[in-house]
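Content type compact mmCIF, C-alpha atoms and all ligand atoms, from the file my_file-v3.txt:
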# COMPACT_ATOMS: atom_id res chain seq x y z
CA MET D 1 18.84 -5.28 -9.37
CA ARG D 2 17.19 -2.31 -11.05
CA SER D 3 13.46 -2.08 -11.26
CA PRO D 4 12.10 -2.75 -14.77
CA ILE D 5 10.10 0.46 -14.52
CA GLN D 6 12.12 3.65 -14.56
CA VAL D 7 10.43 6.88 -13.58
CA ALA D 8 12.02 10.30 -13.59
CA PRO D 9 12.61 11.48 -10.02
CA LEU D 10 11.13 14.73 -8.80
CA LEU D 11 13.48 17.60 -9.55
CA LYS D 12 15.39 19.10 -6.65
CA SER D 13 14.11 22.49 -7.80
CA GLN D 14 10.58 21.30 -7.02
CA ILE D 15 11.41 21.25 -3.34
CA LYS D 16 13.43 24.46 -3.32
CA ASN D 17 12.71 26.64 -0.31
CA MET D 18 10.89 23.83 1.44
CA LEU D 19 10.51 24.07 5.17
CA ILE D 20 10.10 20.36 5.55
CA LYS D 21 13.51 18.73 5.61
CA ARG D 22 13.27 15.59 7.72
CA ILE D 23 10.24 13.33 7.53
CA ALA D 24 9.25 10.47 9.81
CA ILE D 25 7.59 7.62 7.95
CA LEU D 26 5.51 4.99 9.69
CA GLY D 27 4.84 1.86 7.63
CA GLY D 28 7.63 2.96 5.27
CA THR D 29 8.94 -0.58 4.77
CA GLY D 30 5.83 -1.84 2.93
CA PHE D 31 4.83 -1.84 -0.73
CA VAL D 32 3.84 1.85 -0.94
CA GLY D 33 6.47 2.84 1.62
CA GLN D 34 9.39 1.52 -0.41
CA SER D 35 8.34 3.52 -3.48
CA LEU D 36 7.66 6.61 -1.41
CA CYS D 37 11.01 6.43 0.41
CA ASN D 38 12.79 5.95 -2.88
CA GLN D 39 11.22 9.03 -4.44
CA LEU D 40 11.53 11.19 -1.31
CA SER D 41 15.16 10.24 -0.98
CA GLN D 42 15.83 11.12 -4.64
CA ALA D 43 14.11 14.44 -4.06
CA GLY D 44 16.58 15.24 -1.28
CA TYR D 45 14.52 14.79 1.88
CA ALA D 46 16.05 13.25 5.00
CA LEU D 47 13.97 10.29 6.14
CA LYS D 48 13.46 8.45 9.39
CA VAL D 49 11.60 5.19 8.82
CA LEU D 50 10.27 3.56 11.97
CA THR D 51 9.91 -0.20 11.76
CA ARG D 52 9.08 -3.09 14.06
CA ASN D 53 11.92 -5.14 12.58
CA ARG D 54 14.98 -3.42 11.14
CA GLU D 55 16.86 -6.58 10.21
CA TYR D 56 13.94 -7.99 8.25
CA ASN D 57 13.47 -4.79 6.24
CA ARG D 58 17.02 -3.50 5.89
CA ASP D 59 17.68 -4.83 2.36
CA ASN D 60 14.83 -2.82 0.86
CA LEU D 61 15.75 0.59 2.24
CA ILE D 62 19.20 0.68 3.75
CA LEU D 63 20.94 1.76 0.55
CA LEU D 64 18.87 4.92 0.14
CA PRO D 65 20.81 8.08 0.94
CA ASN D 66 19.60 10.22 3.85
CA LEU D 67 17.48 7.40 5.29
CA ASP D 68 17.63 6.17 8.87
CA LEU D 69 15.85 2.86 9.44
CA VAL D 70 15.02 2.73 13.12
CA GLN D 71 13.61 -0.26 14.97
CA THR D 72 11.08 0.72 17.60
CA ASN D 73 7.58 0.12 18.91
CA ILE D 74 5.53 2.92 17.33
CA HIS D 75 2.61 1.97 19.57
CA ASP D 76 4.59 3.13 22.60
CA ALA D 77 3.48 6.78 22.82
CA ASP D 78 6.60 7.98 24.66
CA LYS D 79 9.00 6.32 22.24
CA LEU D 80 7.08 7.71 19.29
CA LYS D 81 7.34 11.23 20.75
CA GLN D 82 11.09 10.83 21.17
CA HIS D 83 11.58 9.54 17.63
CA LEU D 84 9.63 12.42 16.09
CA ALA D 85 11.55 15.10 18.00
CA ASP D 86 13.93 15.83 15.10
CA CYS D 87 11.31 15.62 12.30
CA ASP D 88 9.31 18.31 10.47
CA ALA D 89 6.51 16.11 9.09
CA VAL D 90 4.99 12.65 9.53
CA ILE D 91 3.70 10.29 6.87
CA ASN D 92 1.57 7.43 8.17
CA LEU D 93 1.28 4.42 5.87
CA VAL D 94 0.48 1.82 8.52
CA GLY D 95 -2.48 -0.33 7.61
CA ILE D 96 -3.59 -3.92 8.18
CA LEU D 97 -6.09 -5.91 6.13
CA ASN D 98 -6.58 -8.55 8.79
CA GLU D 99 -6.36 -8.78 12.55
CA LYS D 100 -5.55 -11.71 14.81
CA GLY D 101 -9.03 -11.91 16.35
CA ARG D 102 -12.39 -11.15 14.78
CA ASN D 103 -13.82 -8.34 16.93
CA GLY D 104 -12.15 -5.25 15.46
CA VAL D 105 -9.75 -4.67 18.38
CA GLY D 106 -6.67 -5.27 16.19
CA PHE D 107 -7.91 -2.84 13.52
CA LYS D 108 -8.65 -0.18 16.15
CA HIS D 109 -5.19 -0.58 17.62
CA ALA D 110 -3.33 -0.40 14.28
CA HIS D 111 -5.38 2.44 12.80
CA VAL D 112 -7.24 4.58 15.37
CA GLU D 113 -5.06 4.30 18.47
CA LEU D 114 -1.94 4.82 16.36
CA ALA D 115 -3.47 7.99 14.86
CA GLU D 116 -4.10 9.29 18.40
CA LYS D 117 -0.46 8.66 19.32
CA ILE D 118 0.79 10.32 16.13
CA MET D 119 -1.29 13.37 16.87
CA ALA D 120 -0.02 13.58 20.46
CA ALA D 121 3.60 13.16 19.29
CA CYS D 122 3.17 15.89 16.65
CA GLU D 123 1.66 18.28 19.19
CA ALA D 124 4.49 17.61 21.63
CA ASN D 125 7.12 18.28 18.96
CA ASN D 126 5.44 21.22 17.17
CA ILE D 127 5.16 19.24 13.96
CA ASN D 128 2.47 20.78 11.81
CA ARG D 129 2.31 18.53 8.75
CA ILE D 130 0.86 14.99 8.49
CA LEU D 131 0.11 12.89 5.41
CA GLN D 132 -2.22 9.97 6.08
CA LEU D 133 -2.68 7.06 3.67
CA SER D 134 -6.28 5.93 4.04
CA ALA D 135 -8.54 4.03 1.63
CA LEU D 136 -11.49 4.66 -0.66
CA ASN D 137 -14.80 3.98 1.18
CA ALA D 138 -13.17 4.55 4.59
CA ASP D 139 -15.99 5.84 6.78
CA ALA D 140 -16.14 5.82 10.60
CA ILE D 141 -19.93 5.38 10.61
CA ASN D 142 -20.99 3.76 7.36
CA GLY D 143 -17.88 1.72 6.51
CA LYS D 144 -18.88 -1.86 5.78
CA SER D 145 -15.94 -3.57 7.54
CA TYR D 146 -13.74 -3.03 10.57
CA TYR D 147 -10.96 -2.10 8.12
CA LEU D 148 -13.02 0.67 6.51
CA ARG D 149 -14.58 1.97 9.75
CA THR D 150 -11.25 2.20 11.60
CA LYS D 151 -9.51 3.77 8.59
CA GLY D 152 -12.32 6.36 8.54
CA GLU D 153 -12.07 6.93 12.29
CA ALA D 154 -8.30 7.47 12.05
CA GLU D 155 -8.79 10.02 9.26
CA ASP D 156 -11.50 11.89 11.23
CA LEU D 157 -9.38 11.96 14.34
CA LEU D 158 -6.39 13.46 12.52
CA HIS D 159 -8.45 16.04 10.62
CA ALA D 160 -10.28 17.16 13.79
CA ASN D 161 -7.11 18.34 15.54
CA ASN D 162 -7.14 21.71 17.30
CA ALA D 163 -3.41 22.20 17.06
CA ASP D 164 -3.00 23.85 13.66
CA ILE D 165 -1.60 20.64 12.25
CA HIS D 166 -2.21 20.45 8.50
CA VAL D 167 -3.40 16.99 7.58
CA THR D 168 -3.90 15.60 4.07
CA SER D 169 -5.50 12.20 3.60
CA PHE D 170 -5.19 10.07 0.48
CA ARG D 171 -7.98 7.62 -0.25
CA PRO D 172 -6.89 5.31 -3.08
CA SER D 173 -8.66 2.43 -4.78
CA VAL D 174 -6.49 -0.69 -5.05
CA ILE D 175 -2.83 0.24 -5.68
CA PHE D 176 -0.68 -1.59 -8.21
CA GLY D 177 3.07 -1.72 -8.79
CA GLU D 178 5.97 -4.14 -8.90
CA LYS D 179 5.65 -5.36 -5.30
CA ASP D 180 1.86 -5.06 -4.97
CA SER D 181 -0.15 -7.64 -3.09
CA PHE D 182 -3.04 -7.56 -5.58
CA PHE D 183 -1.82 -8.64 -9.04
CA ASN D 184 1.10 -10.60 -7.60
CA ARG D 185 -1.22 -12.50 -5.28
CA PHE D 186 -3.73 -13.33 -8.02
CA ALA D 187 -0.86 -14.38 -10.30
CA TYR D 188 0.39 -16.71 -7.56
CA LEU D 189 -3.06 -18.17 -6.90
CA LEU D 190 -3.89 -18.55 -10.60
CA LYS D 191 -0.71 -20.49 -11.24
CA ARG D 192 -1.63 -22.92 -8.49
CA SER D 193 -5.29 -23.42 -9.49
CA PRO D 194 -5.87 -26.22 -11.93
CA PHE D 195 -8.27 -25.32 -14.79
CA PHE D 196 -10.79 -23.20 -12.89
CA PHE D 197 -10.61 -20.35 -10.40
CA PRO D 198 -13.52 -19.71 -7.98
CA LEU D 199 -13.83 -15.95 -7.35
CA ALA D 200 -15.74 -14.22 -4.54
CA CYS D 201 -17.12 -10.68 -5.01
CA HIS D 202 -16.44 -10.99 -8.76
CA ALA D 203 -18.66 -8.04 -9.76
CA THR D 204 -17.12 -5.46 -7.42
CA LYS D 205 -15.55 -2.60 -9.37
CA PHE D 206 -12.05 -1.23 -8.87
CA ALA D 207 -10.08 1.59 -10.51
CA PRO D 208 -6.47 0.57 -9.81
CA VAL D 209 -4.06 3.43 -9.23
CA TYR D 210 -0.35 3.17 -9.99
CA VAL D 211 1.86 3.38 -6.92
CA LEU D 212 4.21 5.98 -8.44
CA ASP D 213 1.26 8.21 -9.37
CA LEU D 214 0.09 8.06 -5.76
CA VAL D 215 3.60 8.62 -4.39
CA HIS D 216 4.32 11.59 -6.67
CA MET D 217 1.04 13.14 -5.65
CA MET D 218 1.85 12.69 -1.96
CA ILE D 219 5.27 14.28 -2.40
CA ARG D 220 3.93 17.24 -4.37
CA SER D 221 1.23 17.87 -1.80
CA LEU D 222 3.71 17.98 1.10
CA ASN D 223 4.43 21.67 0.63
CA ASP D 224 1.19 22.64 -1.09
CA PRO D 225 -1.07 24.71 1.21
CA GLY D 226 -3.94 23.95 -1.17
CA SER D 227 -3.82 20.34 0.00
CA TYR D 228 -3.96 21.17 3.71
CA ASP D 229 -6.94 19.60 5.48
CA GLN D 230 -8.09 17.90 2.26
CA ARG D 231 -9.09 14.28 1.74
CA PHE D 232 -8.21 13.20 -1.79
CA GLN D 233 -9.88 10.24 -3.45
CA LEU D 234 -7.53 8.55 -5.92
CA CYS D 235 -8.38 6.29 -8.82
CA GLY D 236 -6.62 5.08 -11.92
CA PRO D 237 -7.82 5.93 -15.44
CA LYS D 238 -10.08 2.88 -15.94
CA THR D 239 -12.64 0.87 -13.99
CA TYR D 240 -12.81 -2.95 -14.05
CA THR D 241 -14.77 -5.64 -12.25
CA LEU D 242 -12.73 -7.95 -10.05
CA ALA D 243 -13.41 -10.77 -12.53
CA ALA D 244 -11.97 -8.65 -15.37
CA LEU D 245 -8.85 -7.92 -13.31
CA VAL D 246 -8.30 -11.61 -12.53
CA ASP D 247 -8.88 -12.49 -16.18
CA PHE D 248 -6.36 -9.79 -17.19
CA THR D 249 -3.83 -11.27 -14.74
CA ALA D 250 -4.26 -14.76 -16.25
CA THR D 251 -3.85 -13.35 -19.77
CA VAL D 252 -0.67 -11.51 -18.80
CA MET D 253 0.68 -14.71 -17.24
CA GLY D 254 -0.16 -16.58 -20.42
CA ILE D 255 -2.36 -19.12 -18.64
CA LYS D 256 -5.95 -20.12 -19.28
CA ARG D 257 -8.30 -20.50 -16.31
CA ASN D 258 -12.06 -20.59 -16.16
CA ILE D 259 -13.08 -17.97 -13.63
CA ILE D 260 -16.08 -19.28 -11.68
CA PRO D 261 -18.03 -16.36 -10.18
CA LEU D 262 -19.29 -17.21 -6.67
CA ASN D 263 -22.62 -15.77 -5.61
CA ASP D 264 -22.92 -13.66 -2.49
CA VAL D 265 -23.92 -16.51 -0.15
CA VAL D 266 -21.01 -18.70 -1.28
CA SER D 267 -18.58 -15.72 -1.19
CA ARG D 268 -19.52 -15.07 2.42
CA ALA D 269 -19.27 -18.75 3.33
CA GLN D 270 -15.83 -18.97 1.70
CA ALA D 271 -14.66 -15.96 3.74
CA ALA D 272 -16.06 -17.49 6.96
CA ILE D 273 -14.04 -20.66 6.32
CA PHE D 274 -10.88 -18.74 5.40
CA ASP D 275 -11.20 -16.79 8.69
CA PHE D 276 -9.79 -19.93 10.32
CA VAL D 277 -7.05 -20.61 7.77
CA PRO D 278 -3.61 -19.41 9.00
CA GLY D 279 -2.76 -16.05 7.40
CA LYS D 280 -6.46 -15.45 6.54
CA PRO D 281 -6.13 -15.41 2.72
CA PHE D 282 -9.68 -13.97 2.45
CA SER D 283 -11.45 -13.01 5.69
CA THR D 284 -15.00 -12.00 6.48
CA ASP D 285 -13.71 -8.46 6.94
CA ASN D 286 -12.11 -8.55 3.45
CA TYR D 287 -15.43 -9.83 2.07
CA LEU D 288 -17.33 -6.96 3.73
CA SER D 289 -14.83 -4.40 2.36
CA ALA D 290 -15.13 -5.93 -1.11
CA LYS D 291 -18.92 -5.62 -1.14
CA SER D 292 -18.66 -1.94 -2.12
CA ASP D 293 -17.22 -0.74 -5.42
CA SER D 294 -13.83 0.92 -4.93
CA VAL D 295 -14.20 3.67 -7.52
CA CYS D 296 -14.50 7.46 -7.53
CA GLU D 297 -15.52 10.19 -9.94
CA CYS D 298 -12.81 12.77 -9.56
CA ASN D 299 -9.35 12.69 -11.04
CA ILE D 300 -7.40 14.54 -8.40
CA LEU D 301 -4.08 13.44 -9.97
CA ALA D 302 -4.64 16.09 -12.67
CA ARG D 303 -4.29 18.77 -9.99
CA TYR D 304 -0.60 17.86 -9.78
CA ALA D 305 -0.19 17.35 -13.54
CA ILE D 306 0.12 13.60 -13.05
CA HIS D 307 -1.15 11.57 -15.98
CA PRO D 308 -2.44 8.35 -14.38
CA GLN D 309 -0.97 5.10 -15.67
CA ALA D 310 -3.21 2.20 -16.63
CA ILE D 311 -2.62 -1.41 -15.60
CA GLU D 312 -2.16 -2.48 -19.25
CA SER D 313 1.05 -0.49 -19.63
CA ILE D 314 2.63 -1.38 -16.27
CA VAL D 315 1.48 -4.76 -14.89
CA PRO D 316 2.87 -6.92 -17.75
CA GLN D 317 6.31 -5.40 -17.11
CA TYR D 318 6.55 -6.86 -13.63
CA LEU D 319 4.39 -9.99 -13.84
CA THR D 320 6.15 -11.27 -16.95
CA HIS D 321 9.51 -9.99 -15.67
CA HIS D 322 9.25 -12.52 -12.80
CA SER D 323 8.22 -15.33 -15.09
CA TYR D 324 10.98 -14.52 -17.61
CA ARG D 325 13.51 -14.82 -14.81
CA SER D 326 12.18 -18.20 -13.76
CA ARG D 327 12.14 -19.28 -17.42
CA TYR D 328 15.82 -18.30 -17.77
CA THR D 329 16.65 -20.56 -14.85
CA GLU D 330 14.79 -23.36 -16.59
CA TYR D 331 16.66 -22.72 -19.88
CA ARG D 332 19.99 -22.67 -18.03
CA ARG D 333 19.11 -25.89 -16.29
CA LYS D 334 18.27 -27.60 -19.58
CA SER D 335 21.48 -26.38 -21.19
CA HIS D 336 23.56 -27.46 -18.13
CA LEU D 337 24.63 -23.87 -17.56
CA ALA D 338 23.00 -23.59 -14.19
CA PRO D 339 25.30 -23.47 -11.16
CA SER D 340 25.55 -26.81 -9.39
CA HIS D 341 23.13 -25.86 -6.59
CA ASP D 342 20.57 -24.92 -9.25
CA ARG D 343 20.68 -28.23 -11.14
CA GLN D 344 18.34 -31.09 -10.61
CA TYR D 345 19.79 -34.56 -10.64
CA PRO D 346 17.74 -37.70 -11.00
N1 LIG Y 401 -2.02 -1.73 -1.23
C1 LIG Y 401 -3.22 -1.29 -1.58
O1 LIG Y 401 -3.79 -1.71 -2.61
C2 LIG Y 401 -3.93 -0.25 -0.73
C3 LIG Y 401 -5.16 0.27 -1.17
C4 LIG Y 401 -5.79 1.25 -0.41
C5 LIG Y 401 -5.19 1.71 0.77
N2 LIG Y 401 -3.99 1.19 1.17
C6 LIG Y 401 -3.38 1.68 2.40
O2 LIG Y 401 -2.06 2.10 2.09
C7 LIG Y 401 -1.20 1.89 3.21
C8 LIG Y 401 0.07 1.18 2.73
O3 LIG Y 401 -0.30 -0.03 2.10
P1 LIG Y 401 0.80 -1.12 1.68
O4 LIG Y 401 0.18 -1.96 0.64
O5 LIG Y 401 2.09 -0.45 1.44
O6 LIG Y 401 0.88 -1.97 3.04
P2 LIG Y 401 2.02 -2.99 3.50
O7 LIG Y 401 2.90 -3.37 2.36
O8 LIG Y 401 1.32 -4.07 4.25
O9 LIG Y 401 2.89 -2.12 4.51
C9 LIG Y 401 2.36 -1.60 5.68
C10 LIG Y 401 3.48 -1.34 6.67
O10 LIG Y 401 2.87 -0.99 7.92
C11 LIG Y 401 3.60 -1.55 8.99
N3 LIG Y 401 2.65 -2.26 9.87
C12 LIG Y 401 1.78 -3.24 9.51
N4 LIG Y 401 1.07 -3.63 10.58
C13 LIG Y 401 1.52 -2.90 11.63
C14 LIG Y 401 1.19 -2.84 12.99
N5 LIG Y 401 0.26 -3.63 13.53
N6 LIG Y 401 1.85 -1.96 13.77
C15 LIG Y 401 2.81 -1.17 13.27
N7 LIG Y 401 3.17 -1.17 11.98
C16 LIG Y 401 2.54 -2.03 11.17
C17 LIG Y 401 4.62 -2.53 8.43
O11 LIG Y 401 5.91 -1.99 8.71
P3 LIG Y 401 6.98 -2.75 9.65
O12 LIG Y 401 6.78 -4.22 9.44
O13 LIG Y 401 8.30 -2.26 9.13
O14 LIG Y 401 6.74 -2.33 11.05
C18 LIG Y 401 4.35 -2.55 6.93
O15 LIG Y 401 5.55 -2.50 6.18
C19 LIG Y 401 -2.00 1.09 4.23
O16 LIG Y 401 -2.43 1.98 5.23
C20 LIG Y 401 -3.20 0.59 3.45
O17 LIG Y 401 -4.35 0.48 4.26
C21 LIG Y 401 -3.35 0.21 0.45

As structure tokens, how would this structure be written, given the file I've shared?
Amino acid sequence: MRSPIQVAPLLKSQIKNMLIKRIAILGGTGFVGQSLCNQLSQAGYALKVLTRNREYNRDNLILLPNLDLVQTNIHDADKLKQHLADCDAVINLVGILNEKGRNGVGFKHAHVELAEKIMAACEANNINRILQLSALNADAINGKSYYLRTKGEAEDLLHANNADIHVTSFRPSVIFGEKDSFFNRFAYLLKRSPFFFPLACHATKFAPVYVLDLVHMMIRSLNDPGSYDQRFQLCGPKTYTLAALVDFTATVMGIKRNIIPLNDVVSRAQAAIFDFVPGKPFSTDNYLSAKSDSVCECNILARYAIHPQAIESIVPQYLTHHSYRSRYTEYRRKSHLAPSHDRQYP
């Protein structure tokens, strides 16, 4: 099935004379990773995507040319070194929004300790290029949550290397695109909420950035010495409160919900309760991250001649695309055209 959003691939001529040929990607199976792998593959790079579960992720990536999907434990320093031996660059997209416990150990493991192992593996294999996907407000000292502090610590650790490894960090606001976990999640929750929708941290501001804008910027920076050792903040063209984004989602879905803004005390209490709900739909750490606006002044996308896309022109294409498909099934069912397994009998 083709994506409803078609974007011109980077031209092969744009990577002419490149020294980087084979790239190891960690976290390449996720939302950003799938877009990035797609674009890198179209641009002619050879890719090695390291995953914890090849079988689970194979459908999303296996058809891309020049891509090896390798199951391994990237937290095993020796294995990581071995896997990077035939690569010229590393892109680290690994990130978690929640940990199993509540003391920050899981965040440190997934973000900081992994960055240490990546650095050691790059040094051992003479790899001198790393792209790191971080987050706006990441700050080792002043970050408000474990997520933001450990993301900041990982960035600092990579940029402080003494091995002539050129690191570029990307610090986006919330990222949107067909498989995002932001608009899709709110769409899912809105559909299941009758009449009203209680919303924590409703006044926090975000400037959503389109996943393909981010991905194109990452690819163009790969061979750009001007991006070496830089930390780029990335925002979309417009700023919205969280309440406005949820309201926009409901409008796109064609449903009417009263959004009930929760005050700070209730937002925190809601997060404390959800800490104990399986899957942590909204944890205390998420609440602490969402206390700061996720916006920035600069428009670094312009540096790479990327005109940032706004949510209004992209999000309806994929949110309504899903609902159209489910509506077709309903139409087929009513007209008795649905296959037998798809029909409902009294
Ligand atoms: N999405 C956003 O709005 C947003 C905003 C700002 C920053 N970011 C950052 O952007 C990066 C990519 O985000 P995303 O939305 O694409 O995330 P995602 O869909 O959750 O994908 C992350 C990938 O990382 C790997 N991973 C997760 N936990 C891991 C662990 N404990 N150990 C090893 N690998 C693990 C997984 O790969 P396998 O399962 O194949 O191993 C997963 O596919 C993250 O670092 C995130 O912090 C995202």

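With distances taken over all atoms listed in the file, D:Phe197 is the one residue among D:Phe282, D:Phe197, D:Phe183, D:Tyr210 lying closest to Ile259 (chain D).
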
Inset, instruction - Please determine the residues with any atom at most 12 Å from (-11.4, 14.2, -14.1) (coordinates as given in the file, with all atoms listed in the file counting) and report them as an MDAnalysis selection string. - result: chainID D and resid 233:238 296:303 305:308

Inset, instruction - Rounded to one decimal place, report the CA of Ala187 (chain D)-CA of Lys256 (chain D) distance in Å. - result: 11.8 Å

Legend entry - Surroundings of ligand LIG 401 (chain Y) up to 9 Å, based on only C-alpha atoms and all ligand atoms, as an MDAnalysis selection string: chainID D and resid 26:35 49:54 56:57 71:75 92:97 99 106:107 109:111 114 132:136 147:148 151 170:176 179:182 208:209 211

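Minimum distance to Leu80 (chain D) across D:Arg102, D:Lys108, D:Arg22, D:Lys117 (counting only C-alpha atoms) occurs at D:Lys117.
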
Inset, instruction - Using all atoms listed in the file, collect all residues at a distance of at most 12 Å from (-13.3, 14.7, 13.6) as written in the file, then present them as a PyMOL selection string. - result: chain D and resi 112+115-116+139-141+152-162+167+229

Inset, instruction - Find the residues near Thr239 (chain D): any atom within 9 Å, counting all atoms listed in the file, skip ones fewer than 5 places away on the same chain, and give them as number ranges by chain. - result: D: 205-208, 295

Would you mind exporting C-alpha atoms of the selected residues as a short mmCIF file (atom, residue, chain, number, x, y, z; two decimals), keeping the file's coordinate frame?
data_model
loop_
_atom_site.label_atom_id
_atom_site.label_comp_id
_atom_site.auth_asym_id
_atom_site.auth_seq_id
_atom_site.Cartn_x
_atom_site.Cartn_y
_atom_site.Cartn_z
CA LYS D 205 -15.55 -2.60 -9.37
CA PHE D 206 -12.05 -1.23 -8.87
CA ALA D 207 -10.08 1.59 -10.51
CA PRO D 208 -6.47 0.57 -9.81
CA VAL D 295 -14.20 3.67 -7.52
#

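Taking CA of Asp59 (chain D) and CA of Ala85 (chain D) as endpoints, the distance between them is 26.1 Å.
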
I need region 245-315 of chain D written out with C-alpha atoms, as a PDB file, in the first residue's frame; please produce it.
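So result.pdb came out as:
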ATOM      1  CA  LEU D 245      -3.895  20.567  18.739  1.00  0.00           C
ATOM      2  CA  VAL D 246      -6.434  18.219  20.338  1.00  0.00           C
ATOM      3  CA  ASP D 247      -9.276  20.406  19.091  1.00  0.00           C
ATOM      4  CA  PHE D 248      -7.737  20.343  15.588  1.00  0.00           C
ATOM      5  CA  THR D 249      -7.552  16.529  15.764  1.00  0.00           C
ATOM      6  CA  ALA D 250     -11.244  16.290  16.703  1.00  0.00           C
ATOM      7  CA  THR D 251     -12.189  18.645  13.857  1.00  0.00           C
ATOM      8  CA  VAL D 252     -10.186  16.611  11.343  1.00  0.00           C
ATOM      9  CA  MET D 253     -11.886  13.441  12.596  1.00  0.00           C
ATOM     10  CA  GLY D 254     -15.251  15.133  12.212  1.00  0.00           C
ATOM     11  CA  ILE D 255     -16.220  14.583  15.853  1.00  0.00           C
ATOM     12  CA  LYS D 256     -17.335  17.058  18.492  1.00  0.00           C
ATOM     13  CA  ARG D 257     -15.854  16.795  21.982  1.00  0.00           C
ATOM     14  CA  ASN D 258     -15.758  19.293  24.802  1.00  0.00           C
ATOM     15  CA  ILE D 259     -12.133  19.589  25.833  1.00  0.00           C
ATOM     16  CA  ILE D 260     -11.981  20.006  29.619  1.00  0.00           C
ATOM     17  CA  PRO D 261      -8.701  21.685  30.614  1.00  0.00           C
ATOM     18  CA  LEU D 262      -7.302  20.155  33.823  1.00  0.00           C
ATOM     19  CA  ASN D 263      -5.448  22.445  36.194  1.00  0.00           C
ATOM     20  CA  ASP D 264      -1.902  21.689  37.258  1.00  0.00           C
ATOM     21  CA  VAL D 265      -2.817  19.841  40.471  1.00  0.00           C
ATOM     22  CA  VAL D 266      -5.307  17.574  38.693  1.00  0.00           C
ATOM     23  CA  SER D 267      -2.896  17.050  35.740  1.00  0.00           C
ATOM     24  CA  ARG D 268      -0.225  15.849  38.153  1.00  0.00           C
ATOM     25  CA  ALA D 269      -2.679  13.631  40.032  1.00  0.00           C
ATOM     26  CA  GLN D 270      -3.883  12.102  36.752  1.00  0.00           C
ATOM     27  CA  ALA D 271      -0.270  11.320  35.785  1.00  0.00           C
ATOM     28  CA  ALA D 272       0.407   9.774  39.223  1.00  0.00           C
ATOM     29  CA  ILE D 273      -2.573   7.444  38.754  1.00  0.00           C
ATOM     30  CA  PHE D 274      -1.617   6.563  35.171  1.00  0.00           C
ATOM     31  CA  ASP D 275       1.898   5.651  36.411  1.00  0.00           C
ATOM     32  CA  PHE D 276       0.282   2.425  37.637  1.00  0.00           C
ATOM     33  CA  VAL D 277      -1.811   1.734  34.542  1.00  0.00           C
ATOM     34  CA  PRO D 278      -0.190  -0.896  32.256  1.00  0.00           C
ATOM     35  CA  GLY D 279       1.562   0.824  29.340  1.00  0.00           C
ATOM     36  CA  LYS D 280       1.620   4.155  31.251  1.00  0.00           C
ATOM     37  CA  PRO D 281      -0.594   6.183  28.878  1.00  0.00           C
ATOM     38  CA  PHE D 282       0.481   9.411  30.664  1.00  0.00           C
ATOM     39  CA  SER D 283       3.195   9.141  33.327  1.00  0.00           C
ATOM     40  CA  THR D 284       4.550  11.567  35.884  1.00  0.00           C
ATOM     41  CA  ASP D 285       7.663  11.840  33.719  1.00  0.00           C
ATOM     42  CA  ASN D 286       5.503  12.735  30.675  1.00  0.00           C
ATOM     43  CA  TYR D 287       3.728  15.340  32.817  1.00  0.00           C
ATOM     44  CA  LEU D 288       7.058  16.871  33.897  1.00  0.00           C
ATOM     45  CA  SER D 289       8.271  16.974  30.256  1.00  0.00           C
ATOM     46  CA  ALA D 290       5.007  18.598  29.182  1.00  0.00           C
ATOM     47  CA  LYS D 291       5.313  21.386  31.753  1.00  0.00           C
ATOM     48  CA  SER D 292       7.707  23.289  29.464  1.00  0.00           C
ATOM     49  CA  ASP D 293       6.713  24.711  26.095  1.00  0.00           C
ATOM     50  CA  SER D 294       8.274  22.742  23.242  1.00  0.00           C
ATOM     51  CA  VAL D 295       8.991  25.645  20.899  1.00  0.00           C
ATOM     52  CA  CYS D 296      12.052  27.416  19.518  1.00  0.00           C
ATOM     53  CA  GLU D 297      12.866  30.653  17.755  1.00  0.00           C
ATOM     54  CA  CYS D 298      15.118  29.597  14.935  1.00  0.00           C
ATOM     55  CA  ASN D 299      14.123  28.021  11.674  1.00  0.00           C
ATOM     56  CA  ILE D 300      17.126  25.866  10.961  1.00  0.00           C
ATOM     57  CA  LEU D 301      15.255  24.021   8.179  1.00  0.00           C
ATOM     58  CA  ALA D 302      15.820  27.079   5.961  1.00  0.00           C
ATOM     59  CA  ARG D 303      19.557  26.366   6.068  1.00  0.00           C
ATOM     60  CA  TYR D 304      18.865  23.292   3.930  1.00  0.00           C
ATOM     61  CA  ALA D 305      16.241  24.999   1.759  1.00  0.00           C
ATOM     62  CA  ILE D 306      13.482  22.962   3.390  1.00  0.00           C
ATOM     63  CA  HIS D 307      10.150  24.740   3.521  1.00  0.00           C
ATOM     64  CA  PRO D 308       8.508  23.387   6.695  1.00  0.00           C
ATOM     65  CA  GLN D 309       5.090  21.785   6.296  1.00  0.00           C
ATOM     66  CA  ALA D 310       2.229  22.726   8.590  1.00  0.00           C
ATOM     67  CA  ILE D 311      -0.104  20.230  10.263  1.00  0.00           C
ATOM     68  CA  GLU D 312      -3.121  21.614   8.357  1.00  0.00           C
ATOM     69  CA  SER D 313      -1.795  20.412   5.008  1.00  0.00           C
ATOM     70  CA  ILE D 314      -0.578  16.971   6.123  1.00  0.00           C
ATOM     71  CA  VAL D 315      -2.474  15.581   9.133  1.00  0.00           C
TER      72      VAL D 315
END
